[in-house]
Amino acid sequence: MPTVKPDMIRLCYFASLSETLGVAAEDVELPKGVETVGELTDWLKQRGPAWAAALTAGNIVTAVNHTVVRTDNRVDDGDEVAWFPPVTGG
């Protein structure tokens with residue numbers, strides 16, 4: 001995967017999230033006033049009903065730079081933030 005520009009963050013959506021949202025990954029500028037994973041998720045939910053529904057689903061796991069984090073984890077320029085839907089097994 002290419003390196004993220006220093007003034008950007010990479011957002012990645014996996015499995016059913018990428019299917020629902022119609023995008024697997026994108027690079028965006030870190031929005032002003034957004035400092036945490038929770039604030040970033042809330043900002044994304046404002047994109048529309050599909051985004052709000054997909055990112056509100058229970059058991060969504062979020063990772064920053066390949067480490068699973070809580071919603072109060074800080075997000076900085078150059079970070080990769082990824083959302084994973086619940087996984088079932090059998």
# chains A, B, ... in the order shown; residues from 1 in each chain; ligands from 1

call {"tool": "select_by_dssp", "arguments": {"residues": "region 26-85 of chain A", "states": "alpha helix (DSSP H)", "output": "PyMOL selection string"}}
result
chain A and resi 37-45+49-56

call {"tool": "select_by_dssp", "arguments": {"residues": "chain A", "states": "strand (DSSP E or B)", "output": "MDAnalysis selection string"}}
result
chainID A and resid 8:13 25:29 36 61:64 67:69 74 80:84

call {"tool": "write_last_selection", "arguments": {"atoms": "N, CA and C atoms", "output": "short mmCIF file (atom, residue, chain, number, x, y, z; two decimals), in the first residue's frame"}}
result
data_model
loop_
_atom_site.label_atom_id
_atom_site.label_comp_id
_atom_site.auth_asym_id
_atom_site.auth_seq_id
_atom_site.Cartn_x
_atom_site.Cartn_y
_atom_site.Cartn_z
N MET A 8 -2.45 14.02 5.13
CA MET A 8 -3.63 13.22 4.84
C MET A 8 -3.72 12.05 5.82
N ILE A 9 -4.90 11.42 5.85
CA ILE A 9 -5.06 10.14 6.54
C ILE A 9 -5.67 9.17 5.54
N ARG A 10 -5.36 7.90 5.70
CA ARG A 10 -5.95 6.87 4.86
C ARG A 10 -7.07 6.20 5.65
N LEU A 11 -8.24 6.10 5.01
CA LEU A 11 -9.38 5.43 5.61
C LEU A 11 -9.63 4.14 4.85
N CYS A 12 -9.78 3.04 5.58
CA CYS A 12 -10.00 1.73 4.97
C CYS A 12 -11.26 1.11 5.55
N TYR A 13 -12.07 0.52 4.67
CA TYR A 13 -13.32 -0.10 5.06
C TYR A 13 -13.28 -1.55 4.58
N ALA A 25 -11.08 2.05 0.24
CA ALA A 25 -10.09 2.91 0.88
C ALA A 25 -10.11 4.28 0.21
N GLU A 26 -9.71 5.27 0.98
CA GLU A 26 -9.61 6.63 0.45
C GLU A 26 -8.64 7.42 1.30
N ASP A 27 -8.05 8.43 0.70
CA ASP A 27 -7.19 9.35 1.43
C ASP A 27 -7.93 10.67 1.55
N VAL A 28 -7.98 11.21 2.77
CA VAL A 28 -8.67 12.48 3.01
C VAL A 28 -7.81 13.33 3.94
N GLU A 29 -8.05 14.64 3.90
CA GLU A 29 -7.43 15.52 4.88
C GLU A 29 -8.12 15.28 6.21
N THR A 36 -10.07 12.37 17.42
CA THR A 36 -10.16 10.99 17.89
C THR A 36 -10.87 10.11 16.86
N VAL A 61 -15.17 -2.79 14.73
CA VAL A 61 -13.82 -2.71 15.29
C VAL A 61 -13.05 -1.68 14.47
N THR A 62 -12.31 -0.83 15.16
CA THR A 62 -11.51 0.20 14.49
C THR A 62 -10.04 -0.01 14.85
N ALA A 63 -9.19 0.19 13.84
CA ALA A 63 -7.75 0.09 14.06
C ALA A 63 -7.07 1.35 13.53
N VAL A 64 -6.04 1.78 14.21
CA VAL A 64 -5.20 2.88 13.74
C VAL A 64 -3.80 2.31 13.57
N THR A 67 -3.36 -1.34 14.67
CA THR A 67 -3.57 -1.68 16.08
C THR A 67 -5.02 -1.36 16.44
N VAL A 68 -5.74 -2.34 16.97
CA VAL A 68 -7.13 -2.12 17.38
C VAL A 68 -7.14 -1.10 18.52
N VAL A 69 -8.07 -0.13 18.39
CA VAL A 69 -8.12 0.98 19.35
C VAL A 69 -9.55 1.24 19.79
N ARG A 74 -6.41 8.85 19.70
CA ARG A 74 -6.06 10.02 18.88
C ARG A 74 -5.79 9.60 17.43
N GLU A 80 -3.31 5.61 9.27
CA GLU A 80 -4.26 4.78 8.55
C GLU A 80 -5.30 4.33 9.57
N VAL A 81 -6.57 4.61 9.27
CA VAL A 81 -7.67 4.23 10.16
C VAL A 81 -8.55 3.24 9.40
N ALA A 82 -8.83 2.10 10.02
CA ALA A 82 -9.59 1.05 9.34
C ALA A 82 -10.77 0.62 10.22
N TRP A 83 -11.90 0.33 9.55
CA TRP A 83 -13.11 -0.15 10.22
C TRP A 83 -13.40 -1.55 9.73
N PHE A 84 -13.70 -2.45 10.67
CA PHE A 84 -14.00 -3.84 10.38
C PHE A 84 -15.38 -4.18 10.94
#

call {"tool": "residues_around", "arguments": {"residues": "region 44-48 of chain A", "least_positions_apart": "3", "cutoff": "12 Å", "atoms": "only C-alpha atoms", "output": "list in words"}}
result
Leu11, Tyr13, Leu21, Val28, Leu30, Pro31, Val34, Val37, Gly38, Glu39, Leu40, Thr41, Trp51, Ala52, Ala53, Ala54, Leu55, Thr56, Ala57 and Trp83 of chain A

call {"tool": "atom_distance", "arguments": {"atom1": "CA of Asp76 (chain A)", "atom2": "CA of Asp7 (chain A)"}}
result
8.9 Å
